[in-house]
Structures are given as C-alpha cells and as structure tokens.
file query27.tsv (TSV, C-alpha atoms)
chain	number	residue	atom	x	y	z
A	330	MET	CA	96.62	32.81	100.96
A	331	ARG	CA	96.28	33.81	97.30
A	332	HIS	CA	93.76	36.50	98.24
A	333	LEU	CA	96.04	37.70	101.02
A	334	PHE	CA	98.97	37.91	98.56
A	335	LYS	CA	96.82	39.94	96.13
A	336	PHE	CA	95.86	42.23	98.97
A	337	TYR	CA	99.52	42.86	99.85
A	338	VAL	CA	100.42	43.50	96.21
A	339	PHE	CA	97.49	45.90	95.80
A	340	SER	CA	98.36	47.68	99.07
A	341	ALA	CA	102.01	48.08	98.08
A	342	ALA	CA	101.04	49.38	94.65
A	343	LEU	CA	98.57	51.85	96.17
A	344	PHE	CA	101.21	52.98	98.71
A	345	CYS	CA	103.74	53.64	95.90
A	346	PHE	CA	101.14	55.46	93.82
A	347	ILE	CA	100.17	57.73	96.71
A	348	ASN	CA	103.81	58.48	97.52
A	349	ILE	CA	104.57	59.34	93.91
A	350	MET	CA	101.40	61.20	93.01
A	351	GLY	CA	100.04	62.22	96.38
A	352	THR	CA	96.38	62.19	97.26
A	353	PRO	CA	94.12	64.30	95.01
A	354	HIS	CA	93.37	66.58	97.94
A	355	ALA	CA	97.04	67.03	98.90
A	356	GLN	CA	98.03	67.66	95.29
A	357	ALA	CA	95.32	70.31	94.89
A	358	GLU	CA	96.42	72.02	98.12
A	359	THR	CA	100.05	72.18	96.97
A	360	GLN	CA	99.09	73.75	93.65
A	361	LYS	CA	96.82	76.22	95.39
A	362	GLU	CA	99.46	77.47	97.81
A	363	GLY	CA	102.27	77.83	95.28
A	364	SER	CA	105.71	79.11	96.26
A	365	PRO	CA	107.67	82.38	95.98
A	366	VAL	CA	109.61	83.03	92.79
A	367	ILE	CA	113.26	83.87	93.35
A	368	LEU	CA	115.02	86.10	90.82
A	369	GLU	CA	118.42	84.80	89.81
A	370	GLY	CA	121.28	86.82	91.27
A	371	ALA	CA	118.96	89.23	93.10
A	372	THR	CA	119.35	90.43	96.70
A	373	GLN	CA	116.89	92.74	98.47
A	374	TYR	CA	117.71	95.25	101.19
A	375	GLU	CA	115.61	97.80	103.05
A	376	ILE	CA	116.87	101.28	103.82
A	377	GLN	CA	115.09	103.75	106.06
A	378	SER	CA	116.45	107.14	105.09
A	379	PRO	CA	116.12	109.96	107.64
A	380	ASN	CA	115.30	112.15	104.64
A	381	LEU	CA	112.31	110.11	103.43
A	382	ASP	CA	109.01	109.30	105.10
A	383	LEU	CA	108.90	105.69	103.82
A	384	PRO	CA	111.48	102.89	103.73
A	385	LEU	CA	113.07	102.07	100.38
A	386	LYS	CA	113.55	98.62	98.95
A	387	VAL	CA	116.94	98.33	97.25
A	388	TYR	CA	117.48	95.44	94.84
A	389	VAL	CA	120.97	94.42	93.75
A	390	LEU	CA	121.16	92.25	90.62
A	391	LYS	CA	124.55	90.59	90.35
A	392	PRO	CA	126.12	89.16	87.16
A	393	THR	CA	125.82	85.40	86.67
A	394	THR	CA	129.39	84.70	87.83
A	395	TYR	CA	129.90	87.49	90.32
A	396	ASP	CA	133.38	87.37	91.86
A	397	PRO	CA	133.97	89.68	94.87
A	398	ALA	CA	137.65	89.86	93.93
A	399	GLN	CA	136.73	91.50	90.61
A	400	SER	CA	135.47	95.08	90.36
A	401	TYR	CA	132.27	95.69	88.39
A	402	PRO	CA	130.63	98.65	86.68
A	403	VAL	CA	127.27	99.59	88.16
A	404	LEU	CA	123.97	100.71	86.68
A	405	TYR	CA	121.63	102.60	89.03
A	406	ALA	CA	118.00	102.58	87.87
A	407	PHE	CA	114.75	104.14	89.09
A	408	ASP	CA	111.31	102.44	89.19
A	409	ALA	CA	112.13	99.02	90.65
A	410	ASP	CA	108.46	98.44	91.50
A	411	LEU	CA	107.42	98.72	87.86
A	412	THR	CA	110.26	96.91	86.07
A	413	LEU	CA	112.22	94.67	88.46
A	414	GLY	CA	111.37	91.50	86.51
A	415	LEU	CA	112.39	93.09	83.22
A	416	MET	CA	115.65	94.35	84.71
A	417	SER	CA	116.47	90.96	86.21
A	418	THR	CA	115.91	88.99	83.02
A	419	MET	CA	117.77	91.40	80.76
A	420	SER	CA	120.70	91.89	83.14
A	421	GLN	CA	121.25	88.13	83.34
A	422	GLN	CA	121.15	87.77	79.55
A	423	VAL	CA	123.54	90.68	78.98
A	424	SER	CA	125.78	89.33	81.74
A	425	ARG	CA	126.18	86.03	79.90
A	426	MET	CA	126.83	87.78	76.59
A	427	ALA	CA	129.40	90.11	78.15
A	428	LEU	CA	131.28	87.28	79.83
A	429	ARG	CA	131.56	85.42	76.52
A	430	ALA	CA	133.17	88.58	75.10
A	431	ASN	CA	135.53	88.85	78.13
A	432	ARG	CA	133.90	92.12	79.22
A	433	ARG	CA	132.67	93.22	82.64
A	434	PRO	CA	128.86	93.22	82.91
A	435	PRO	CA	127.32	95.73	85.32
A	436	ILE	CA	125.82	95.17	88.72
A	437	VAL	CA	122.30	96.62	88.54
A	438	VAL	CA	121.00	98.54	91.55
A	439	THR	CA	117.34	99.52	91.41
A	440	PHE	CA	115.10	100.82	94.15
A	441	GLY	CA	111.48	101.52	95.02
A	442	TYR	CA	108.86	100.93	97.69
A	443	GLY	CA	107.98	97.26	97.24
A	444	ASP	CA	104.43	98.21	96.23
A	445	THR	CA	103.38	98.96	92.64
A	446	LYS	CA	100.30	101.01	93.55
A	447	LEU	CA	102.27	103.10	96.03
A	448	ALA	CA	105.08	103.58	93.50
A	449	LEU	CA	102.67	104.94	90.88
A	450	GLN	CA	101.49	107.49	93.41
A	451	ARG	CA	104.90	108.43	94.81
A	452	ARG	CA	106.95	108.60	91.60
A	453	ILE	CA	105.25	111.84	90.49
A	454	PHE	CA	106.73	113.48	93.58
A	455	ASP	CA	110.02	111.58	93.89
A	456	LEU	CA	111.02	111.82	90.21
A	457	THR	CA	110.24	115.49	89.48
A	458	PRO	CA	112.82	118.26	89.98
A	459	HIS	CA	112.08	121.05	92.41
A	460	ALA	CA	110.83	124.36	91.00
A	461	GLU	CA	109.49	127.53	92.56
A	462	ASN	CA	106.54	127.47	90.15
A	463	TYR	CA	105.01	124.77	87.96
A	464	ASN	CA	103.22	125.20	84.63
A	465	LEU	CA	101.62	121.84	83.87
A	466	PRO	CA	99.02	120.55	81.39
A	467	GLN	CA	95.71	119.02	82.43
A	468	ARG	CA	96.14	115.35	83.29
A	469	PRO	CA	94.28	112.86	81.04
A	470	ASN	CA	92.34	111.55	84.07
A	471	SER	CA	91.22	115.13	84.87
A	472	GLN	CA	92.58	114.77	88.40
A	473	PRO	CA	94.60	117.59	90.00
A	474	TRP	CA	98.36	117.24	90.11
A	475	PRO	CA	99.65	115.75	93.37
A	476	ALA	CA	102.66	117.10	95.27
A	477	LEU	CA	105.70	117.68	93.05
A	478	GLY	CA	109.40	118.44	93.37
A	479	GLY	CA	110.90	115.67	95.49
A	480	GLY	CA	113.43	114.69	92.83
A	481	ASP	CA	116.41	116.60	94.23
A	482	ASN	CA	115.94	114.99	97.63
A	483	PHE	CA	115.57	111.59	95.96
A	484	LEU	CA	118.85	112.10	94.07
A	485	ASN	CA	120.58	113.08	97.30
A	486	ILE	CA	119.38	109.87	98.95
A	487	LEU	CA	120.71	107.86	96.00
A	488	ILE	CA	124.10	109.59	96.07
A	489	GLU	CA	124.61	109.99	99.83
A	490	GLU	CA	122.93	106.85	101.17
A	491	ILE	CA	122.22	104.15	98.57
A	492	LYS	CA	125.54	104.40	96.72
A	493	PRO	CA	127.70	104.11	99.88
A	494	PHE	CA	125.47	101.28	101.13
A	495	VAL	CA	126.05	99.31	97.90
A	496	GLU	CA	129.75	100.15	97.69
A	497	SER	CA	130.30	98.81	101.21
A	498	ARG	CA	128.91	95.41	100.18
A	499	TYR	CA	129.97	94.97	96.56
A	500	ASN	CA	133.18	95.57	94.64
A	501	ILE	CA	132.10	98.57	92.54
A	502	ASP	CA	134.31	100.20	89.92
A	503	LYS	CA	133.69	103.86	90.77
A	504	GLY	CA	134.99	104.92	87.38
A	505	VAL	CA	132.12	103.24	85.50
A	506	GLU	CA	128.84	104.31	87.13
A	507	THR	CA	125.71	104.77	85.00
A	508	LEU	CA	122.33	106.31	85.89
A	509	TYR	CA	119.19	105.10	84.07
A	510	GLY	CA	115.62	106.36	84.10
A	511	HIS	CA	112.47	106.05	81.97
A	512	SER	CA	109.71	108.67	81.59
A	513	LEU	CA	109.80	110.82	84.75
A	514	GLY	CA	112.87	108.79	85.67
A	515	GLY	CA	114.40	109.88	82.37
A	516	LEU	CA	113.61	113.49	83.24
A	517	LEU	CA	115.33	113.14	86.63
A	518	THR	CA	118.30	111.44	84.96
A	519	LEU	CA	118.79	114.50	82.74
A	520	HIS	CA	118.36	116.76	85.78
A	521	ALA	CA	121.08	114.73	87.53
A	522	LEU	CA	123.37	115.20	84.53
A	523	ILE	CA	122.98	118.97	84.85
A	524	THR	CA	123.20	119.25	88.63
A	525	ARG	CA	125.14	116.18	89.86
A	526	HIS	CA	127.19	114.98	86.89
A	527	GLU	CA	130.28	114.43	89.05
A	528	HIS	CA	128.59	111.48	90.81
A	529	PHE	CA	128.03	109.35	87.69
A	530	ASP	CA	130.07	108.61	84.58
A	531	LYS	CA	127.29	107.86	82.09
A	532	PHE	CA	123.61	108.77	81.77
A	533	VAL	CA	120.74	106.98	79.98
A	534	ALA	CA	117.43	108.82	79.57
A	535	SER	CA	114.62	106.72	78.10
A	536	SER	CA	111.56	108.65	76.86
A	537	PRO	CA	112.25	111.56	79.24
A	538	SER	CA	109.23	113.69	80.18
A	539	LEU	CA	110.66	116.86	78.67
A	540	TRP	CA	107.18	118.44	78.60
A	541	PHE	CA	107.33	118.81	82.38
A	542	ASN	CA	107.22	122.44	83.51
A	543	PRO	CA	107.50	122.91	80.24
A	544	GLN	CA	110.86	121.97	78.74
A	545	LYS	CA	112.78	123.52	81.66
A	546	THR	CA	115.10	120.52	81.96
A	547	MET	CA	115.70	120.44	78.19
A	548	GLN	CA	116.62	124.11	78.15
A	549	GLY	CA	118.81	123.63	81.21
A	550	LEU	CA	120.67	120.73	79.61
A	551	ILE	CA	121.30	122.66	76.39
A	552	ALA	CA	122.66	125.59	78.40
A	553	PHE	CA	124.84	123.23	80.46
A	554	HIS	CA	126.14	121.57	77.27
A	555	ASN	CA	127.08	124.91	75.71
A	556	ASP	CA	128.75	126.31	78.84
A	557	THR	CA	132.29	125.19	78.03
A	558	GLY	CA	134.04	127.54	80.42
A	559	SER	CA	134.31	125.12	83.35
A	560	PRO	CA	136.99	122.41	83.74
A	561	ALA	CA	134.34	119.69	83.37
A	562	SER	CA	134.20	120.47	79.65
A	563	LYS	CA	137.60	118.80	79.09
A	564	GLN	CA	135.99	115.35	79.18
A	565	LYS	CA	132.61	114.86	77.51
A	566	ILE	CA	129.78	113.29	79.51
A	567	PRO	CA	128.28	110.26	77.73
A	568	LEU	CA	124.48	110.43	77.35
A	569	ARG	CA	122.24	107.91	75.67
A	570	LEU	CA	118.82	109.33	74.73
A	571	SER	CA	115.90	107.35	73.28
A	572	VAL	CA	112.15	107.49	72.66
A	573	GLY	CA	109.41	105.28	71.25
A	574	GLY	CA	108.29	106.14	67.72
A	575	HIS	CA	104.58	105.97	68.65
A	576	GLU	CA	104.69	108.18	71.74
A	577	GLU	CA	102.73	111.03	70.17
A	578	LYS	CA	99.71	109.00	69.09
A	579	LEU	CA	97.34	106.46	70.58
A	580	THR	CA	97.85	102.80	69.80
A	581	GLN	CA	94.86	100.77	68.58
A	582	TRP	CA	94.42	99.32	72.07
A	583	SER	CA	94.19	102.76	73.66
A	584	GLN	CA	91.78	104.01	71.01
A	585	ARG	CA	89.44	101.04	71.47
A	586	TYR	CA	89.52	100.51	75.21
A	587	SER	CA	90.49	103.76	76.92
A	588	LYS	CA	87.60	105.49	78.69
A	589	ASN	CA	89.18	108.88	78.04
A	590	ALA	CA	90.78	108.24	74.64
A	591	ASP	CA	90.17	111.77	73.34
A	592	MET	CA	91.86	113.36	76.35
A	593	ARG	CA	94.78	110.94	76.13
A	594	LYS	CA	95.19	111.72	72.44
A	595	GLU	CA	95.32	115.44	73.21
A	596	TRP	CA	97.77	114.76	76.08
A	597	LEU	CA	100.16	112.90	73.76
A	598	LEU	CA	100.00	115.52	71.03
A	599	LYS	CA	100.69	118.40	73.42
A	600	ASN	CA	103.51	116.66	75.25
A	601	LYS	CA	105.48	116.04	72.03
A	602	MET	CA	107.56	113.21	73.45
A	603	VAL	CA	109.18	112.30	70.11
A	604	SER	CA	109.54	115.87	68.87
A	605	ASN	CA	111.10	117.08	72.12
A	606	ALA	CA	113.60	114.21	72.20
A	607	LYS	CA	114.63	114.91	68.61
A	608	THR	CA	114.92	118.64	69.32
A	609	LEU	CA	117.15	117.97	72.33
A	610	TYR	CA	119.37	115.60	70.36
A	611	GLN	CA	119.76	118.06	67.49
A	612	ALA	CA	120.59	120.91	69.88
A	613	LEU	CA	123.29	118.82	71.58
A	614	GLN	CA	124.71	117.84	68.19
A	615	GLN	CA	124.91	121.38	66.84
A	616	THR	CA	127.74	122.50	69.09
A	617	ASP	CA	130.88	120.87	70.46
A	618	GLY	CA	129.94	121.02	74.12
A	619	LYS	CA	130.15	119.01	77.31
A	620	VAL	CA	127.80	116.16	76.38
A	621	ALA	CA	128.48	113.33	73.92
A	622	VAL	CA	125.00	112.12	72.96
A	623	GLU	CA	123.70	108.97	71.27
A	624	PHE	CA	120.08	108.91	70.11
A	625	GLU	CA	117.68	106.16	69.03
A	626	VAL	CA	113.99	106.02	68.12
A	627	TYR	CA	112.26	102.68	68.72
A	628	GLU	CA	109.83	102.61	65.82
A	629	GLY	CA	106.36	101.19	66.47
A	630	LEU	CA	106.63	101.37	70.27
A	631	GLU	CA	104.53	103.54	72.56
A	632	HIS	CA	105.71	105.08	75.80
A	633	THR	CA	105.55	102.13	78.20
A	634	LEU	CA	106.97	99.51	75.84
A	635	ALA	CA	109.90	101.74	74.83
A	636	ASP	CA	111.35	101.09	78.28
A	637	SER	CA	112.31	97.50	77.33
A	638	PRO	CA	114.77	98.11	74.45
A	639	ALA	CA	116.03	101.24	76.22
A	640	PHE	CA	117.04	99.26	79.30
A	641	LEU	CA	118.73	96.62	77.14
A	642	ARG	CA	120.77	99.36	75.48
A	643	ALA	CA	121.52	100.85	78.90
A	644	LEU	CA	123.02	97.56	80.07
A	645	GLN	CA	125.23	97.42	76.99
A	646	PHE	CA	126.13	101.10	77.46
A	647	ALA	CA	127.09	100.41	81.10
A	648	THR	CA	129.17	97.32	80.34
A	649	ALA	CA	132.83	98.11	80.86
A	650	ASP	CA	136.08	97.16	79.19
A	651	LYS	CA	137.74	93.75	79.33
A	652	ILE	CA	138.07	91.81	82.56
A	653	LYS	CA	141.31	92.72	84.28

call {"tool": "encode", "arguments": {"input": "query27.tsv", "output": "structure tokens"}}
result
Amino acid sequence: MRHLFKFYVFSAALFCFINIMGTPHAQAETQKEGSPVILEGATQYEIQSPNLDLPLKVYVLKPTTYDPAQSYPVLYAFDADLTLGLMSTMSQQVSRMALRANRRPPIVVTFGYGDTKLALQRRIFDLTPHAENYNLPQRPNSQPWPALGGGDNFLNILIEEIKPFVESRYNIDKGVETLYGHSLGGLLTLHALITRHEHFDKFVASSPSLWFNPQKTMQGLIAFHNDTGSPASKQKIPLRLSVGGHEEKLTQWSQRYSKNADMRKEWLLKNKMVSNAKTLYQALQQTDGKVAVEFEVYEGLEHTLADSPAFLRALQFATADKIK
C-alpha cells in the first residue's frame, strides 16, 4: 500500500509538472512556431486601385484612446514597408504625451506593398515626379536607372482614393492634414506642396532627394514660394524641412564594409544632401512668400537614420490644438 501511495503521489506530481511546463518536445515546438506580432492600435486594409498595377496595403495607426466621436488630425506618410514599426512605436508614444497635454494626437495613415524587397524596387518609380527628360547621376551600384516618374499618379491615388477611404472610416479633421516623406518620399512631398497644396495643410520633408533631375523640385518650390500673386499667398503653407548632418560623407561602417565605398562616397558628395537642404531653407527665408519653413539638421546622423527624429518631429508638427 505504501508503494502504491508513493506511486500515486509521484504520478500526480509528474502530471502537474507536465501541465505546467509541458513536455520538452511540445515546449520546443511552441517556441519554434512562434506567433504573429500585433502592432498596438494598427489596422491594415488592402486597396486595389484601377490606376495601379499592384494592390496597396494601407495601415491606419490610431491614437491610444481613439474615440470615434472626436475628430483627429491625420498624418499621411509614404514608405510603410520600410518604417511601419518605427511609425507605430513613435505614434503611440506621441499619442500618450499629447493626451497628457490635452491635445489631439494624429491618426497616422501609411501605405506600401506589404513587401520590403518589392517596395525598394517600386519606390524609385512611385516616388519620383514625372518629367519629359531626366538628367541623373550614375548609381553607386552601377546599375541603370529603372522606370521613373510615377509620383504624380501615386499622389493622385493618395488624394482621390486613399484619403476618401480613410475619411469614410475614421473621424478625420480635414483642417489638419499633414503629408510626410523621407528621401524620395521627401522629394515627392515637396512636389505635392507645389502642385497639390490645396489637399494638405502641412508638409514635412525629411532628407528630400533634391539632387533628382537635378534640383528641379527645389527650383520649382522657390518659384512657387516667390509667386505671391495668387490668392493662396494670403495664408502661408507650413513646411518642416530636415536633413542628417552626415549625409554628405560615409560613416565608418560604410567605409569599412561597403563593397563600392569609393563610388558611394562620390555619390554622396555629388548629391549634396545637406548643402541642398540648407540652400532651399535659406532661399525660402530670404523672401516673404507663400511657405513658412522650419529647418533642422540632425547632427551625426546619416541618411537612413535621419528618418527617425524627422518622423518624431512630424508627429509633433501634425498634433493639433486642444481637445474640443
């Protein structure tokens, strides 16, 4: 009987241990399979535009305490496939800070293709303005330039399809709409300011590729700023412009590990990312024109990393007045 009692005790203990810990095999299988990560406040939609050959993934990032009875400012941003995680984390943090200050944090709407590799290929077409002729430098990978000039169509899809889609599902304050872009996205943001400024209230261009075709967008924006004859000049258009302080030279990592470091160094020097941004800012400051510009240089940061503080500033820039 004593042995039988010990057997029962041992069996019960083993049963509890297995239920708590699981078998080694089952535990290993669970760890191996993992589970999807859900971004807080994020909702994904898919839009098949008749004006685009591929479906678009549209991600809506809501504030932490989204209330459909309350209207919200909105921040539209390019390059979801490259920076969705960054946008999600920062928007949630800024949302909490804004709510503590009794201000309205923005809903963030970002879009892409749901595939990073595809996005890197497509963005050169989708984020560049149309031109009859292109004068472009040699790429640092020595590859020929792919198709260009889909930016105007991409902006039309944003304005005519994505914006109405979002507005039909969320309570958007149409008086506080901001457009954000980095790199080629920054270039297209400036192009939108020139050609479609009536569809947005604020613009944020992070490290814009002003070297593209060369400096055409910069020259166009300066001309637009100085053309004060139209009614639009009565109210200045807010623009936030920024660039990384190390965007004209290779970082130590690039110098040590890049297979084509010399070509990349020449690429950075010729493109004059910092110099062009400063030139544009100074030109917009010289005259009292249509655009009210803010400018910031993120010292010590190269091109890719400059996107992070720029997006944080964009969220703050897009945050609206006190909750009504």

call {"tool": "closest_residue", "arguments": {"input": "query27.tsv", "among": "A:Asp408, A:Glu489, A:Asp455, A:Asp617", "to": "Phe640 (chain A)", "atoms": "all atoms listed in the file"}}
result
A:Asp408

call {"tool": "atom_distance", "arguments": {"input": "query27.tsv", "atom1": "CA of Phe553 (chain A)", "atom2": "CA of Glu576 (chain A)"}}
result
26.6 Å

call {"tool": "atom_distance", "arguments": {"input": "query27.tsv", "atom1": "CA of Phe646 (chain A)", "atom2": "CA of Ile436 (chain A)"}}
result
12.7 Å

call {"tool": "residues_around", "arguments": {"input": "query27.tsv", "residues": "Ile488 (chain A)", "least_positions_apart": "5", "cutoff": "9 Å", "atoms": "all atoms listed in the file", "output": "VMD selection string"}}
result
chain A and resid 483 493 528

call {"tool": "write_last_selection", "arguments": {"input": "query27.tsv", "atoms": "C-alpha atoms", "output": "mmCIF file, in the frame of the given file"}}
result
data_model
loop_
_atom_site.group_PDB
_atom_site.id
_atom_site.type_symbol
_atom_site.label_atom_id
_atom_site.label_comp_id
_atom_site.auth_asym_id
_atom_site.auth_seq_id
_atom_site.Cartn_x
_atom_site.Cartn_y
_atom_site.Cartn_z
ATOM 1 C CA PHE A 483 115.570 111.590 95.960
ATOM 2 C CA PRO A 493 127.700 104.110 99.880
ATOM 3 C CA HIS A 528 128.590 111.480 90.810
#

call {"tool": "atom_distance", "arguments": {"input": "query27.tsv", "atom1": "CA of Phe407 (chain A)", "atom2": "CA of Leu644 (chain A)"}}
result
13.9 Å

call {"tool": "residues_around", "arguments": {"input": "query27.tsv", "residues": "Gln373 (chain A)", "least_positions_apart": "2", "cutoff": "12 Å", "atoms": "only C-alpha atoms", "output": "list in words"}}
result
Ile367, Leu368, Glu369, Gly370, Ala371, Glu375, Ile376, Leu385, Lys386, Val387, Tyr388, Val389, Leu390, Lys391, Ala409, Leu413, Val437, Val438, Thr439, Phe440, Gly441, Tyr442, Gly443 and Val495 of chain A

call {"tool": "residues_near_point", "arguments": {"input": "query27.tsv", "point": "(116.5, 112.1, 76.0)", "cutoff": "10 Å", "atoms": "all atoms listed in the file", "output": "ChimeraX atom specification"}}
result
/A:510-512,515-516,518-519,532-539,547,568-572,602-603,605-610,622-625

call {"tool": "residues_around", "arguments": {"input": "query27.tsv", "residues": "Thr580 (chain A)", "least_positions_apart": "5", "cutoff": "12 Å", "atoms": "all atoms listed in the file", "output": "PyMOL selection string"}}
result
chain A and resi 573-575+585-587+590+593-594+597+629-634

call {"tool": "residues_around", "arguments": {"input": "query27.tsv", "residues": "region 475-480 of chain A", "least_positions_apart": "6", "cutoff": "9 Å", "atoms": "all atoms listed in the file", "output": "JSON list (two decimals) with C-alpha atoms, keeping the file's coordinate frame"}}
result
[["chain", "number", "residue", "atom", "x", "y", "z"],
["A", 450, "GLN", "CA", 101.49, 107.49, 93.41],
["A", 451, "ARG", "CA", 104.90, 108.43, 94.81],
["A", 452, "ARG", "CA", 106.95, 108.60, 91.60],
["A", 453, "ILE", "CA", 105.25, 111.84, 90.49],
["A", 454, "PHE", "CA", 106.73, 113.48, 93.58],
["A", 455, "ASP", "CA", 110.02, 111.58, 93.89],
["A", 456, "LEU", "CA", 111.02, 111.82, 90.21],
["A", 457, "THR", "CA", 110.24, 115.49, 89.48],
["A", 458, "PRO", "CA", 112.82, 118.26, 89.98],
["A", 459, "HIS", "CA", 112.08, 121.05, 92.41],
["A", 460, "ALA", "CA", 110.83, 124.36, 91.00],
["A", 463, "TYR", "CA", 105.01, 124.77, 87.96],
["A", 517, "LEU", "CA", 115.33, 113.14, 86.63],
["A", 520, "HIS", "CA", 118.36, 116.76, 85.78]]

call {"tool": "closest_residue", "arguments": {"input": "query27.tsv", "among": "A:Met426, A:Leu383, A:Ala647, A:Val366", "to": "Gly414 (chain A)", "atoms": "all atoms listed in the file"}}
result
A:Val366

call {"tool": "closest_residue", "arguments": {"input": "query27.tsv", "among": "A:Thr648, A:Thr546, A:Asn482, A:Asn500", "to": "Ala430 (chain A)", "atoms": "only C-alpha atoms"}}
result
A:Thr648

call {"tool": "closest_residue", "arguments": {"input": "query27.tsv", "among": "A:His526, A:Arg642, A:Arg468, A:Arg498", "to": "Glu595 (chain A)", "atoms": "all atoms listed in the file"}}
result
A:Arg468

call {"tool": "closest_residue", "arguments": {"input": "query27.tsv", "among": "A:Gln544, A:Lys565, A:Thr524, A:Lys651", "to": "Gln399 (chain A)", "atoms": "only C-alpha atoms"}}
result
A:Lys651

call {"tool": "axis_aligned_box", "arguments": {"input": "query27.tsv", "around": "region 514-520 of chain A", "padding_each_side": "3 Å", "output": "lines of an AutoDock Vina configuration file"}}
result
center_x = 115.8
center_y = 112.8
center_z = 84.5
size_x = 11.9
size_y = 14.0
size_z = 10.3

call {"tool": "build_atoms", "arguments": {"input": "query27.tsv", "residues": "region 465-473 of chain A", "atoms": "all heavy atoms", "output": "tab-separated table (two decimals), keeping the file's coordinate frame"}}
result
chain	number	residue	atom	x	y	z
A	465	LEU	N	101.86	123.22	84.31
A	465	LEU	CA	101.62	121.84	83.87
A	465	LEU	C	100.31	121.71	83.10
A	465	LEU	O	99.33	122.41	83.39
A	465	LEU	CB	101.60	120.91	85.08
A	465	LEU	CG	102.89	120.87	85.90
A	465	LEU	CD1	102.69	120.06	87.16
A	465	LEU	CD2	104.03	120.30	85.08
A	466	PRO	N	100.25	120.77	82.15
A	466	PRO	CA	99.02	120.55	81.39
A	466	PRO	C	97.99	119.79	82.23
A	466	PRO	O	98.31	119.23	83.27
A	466	PRO	CB	99.48	119.69	80.21
A	466	PRO	CG	100.66	118.94	80.76
A	466	PRO	CD	101.35	119.89	81.69
A	467	GLN	N	96.76	119.79	81.75
A	467	GLN	CA	95.71	119.02	82.43
A	467	GLN	C	96.00	117.54	82.26
A	467	GLN	O	96.35	117.07	81.17
A	467	GLN	CB	94.34	119.34	81.85
A	467	GLN	CG	93.20	118.60	82.55
A	467	GLN	CD	91.84	118.90	81.95
A	467	GLN	OE1	91.74	119.59	80.95
A	467	GLN	NE2	90.77	118.39	82.55
A	468	ARG	N	95.89	116.80	83.35
A	468	ARG	CA	96.14	115.35	83.29
A	468	ARG	C	95.01	114.65	82.53
A	468	ARG	O	93.85	115.10	82.57
A	468	ARG	CB	96.24	114.78	84.70
A	468	ARG	CG	97.36	115.40	85.52
A	468	ARG	CD	97.34	114.91	86.94
A	468	ARG	NE	97.77	113.52	87.03
A	468	ARG	CZ	97.68	112.78	88.14
A	468	ARG	NH1	97.12	113.30	89.23
A	468	ARG	NH2	98.10	111.53	88.16
A	469	PRO	N	95.32	113.54	81.83
A	469	PRO	CA	94.28	112.86	81.04
A	469	PRO	C	93.17	112.24	81.89
A	469	PRO	O	92.09	111.97	81.37
A	469	PRO	CB	95.07	111.78	80.28
A	469	PRO	CG	96.35	111.63	81.01
A	469	PRO	CD	96.64	112.96	81.62
A	470	ASN	N	93.41	112.05	83.19
A	470	ASN	CA	92.34	111.55	84.07
A	470	ASN	C	91.58	112.69	84.73
A	470	ASN	O	90.72	112.44	85.59
A	470	ASN	CB	92.92	110.62	85.12
A	470	ASN	CG	93.95	111.30	86.02
A	470	ASN	OD1	94.14	112.51	85.95
A	470	ASN	ND2	94.62	110.53	86.85
A	471	SER	N	91.88	113.93	84.36
A	471	SER	CA	91.22	115.13	84.87
A	471	SER	C	91.44	115.38	86.36
A	471	SER	O	90.84	116.28	86.94
A	471	SER	CB	89.69	115.08	84.59
A	471	SER	OG	89.47	115.00	83.20
A	472	GLN	N	92.31	114.59	86.98
A	472	GLN	CA	92.58	114.77	88.40
A	472	GLN	C	93.62	115.88	88.60
A	472	GLN	O	94.46	116.12	87.74
A	472	GLN	CB	93.09	113.46	89.01
A	472	GLN	CG	92.08	112.33	88.98
A	472	GLN	CD	90.86	112.64	89.80
A	472	GLN	OE1	90.96	113.10	90.95
A	472	GLN	NE2	89.68	112.41	89.23
A	473	PRO	N	93.57	116.57	89.74
A	473	PRO	CA	94.60	117.59	90.00
A	473	PRO	C	95.97	116.97	90.19
A	473	PRO	O	96.09	115.80	90.59
A	473	PRO	CB	94.11	118.25	91.30
A	473	PRO	CG	93.25	117.21	91.95
A	473	PRO	CD	92.59	116.45	90.83
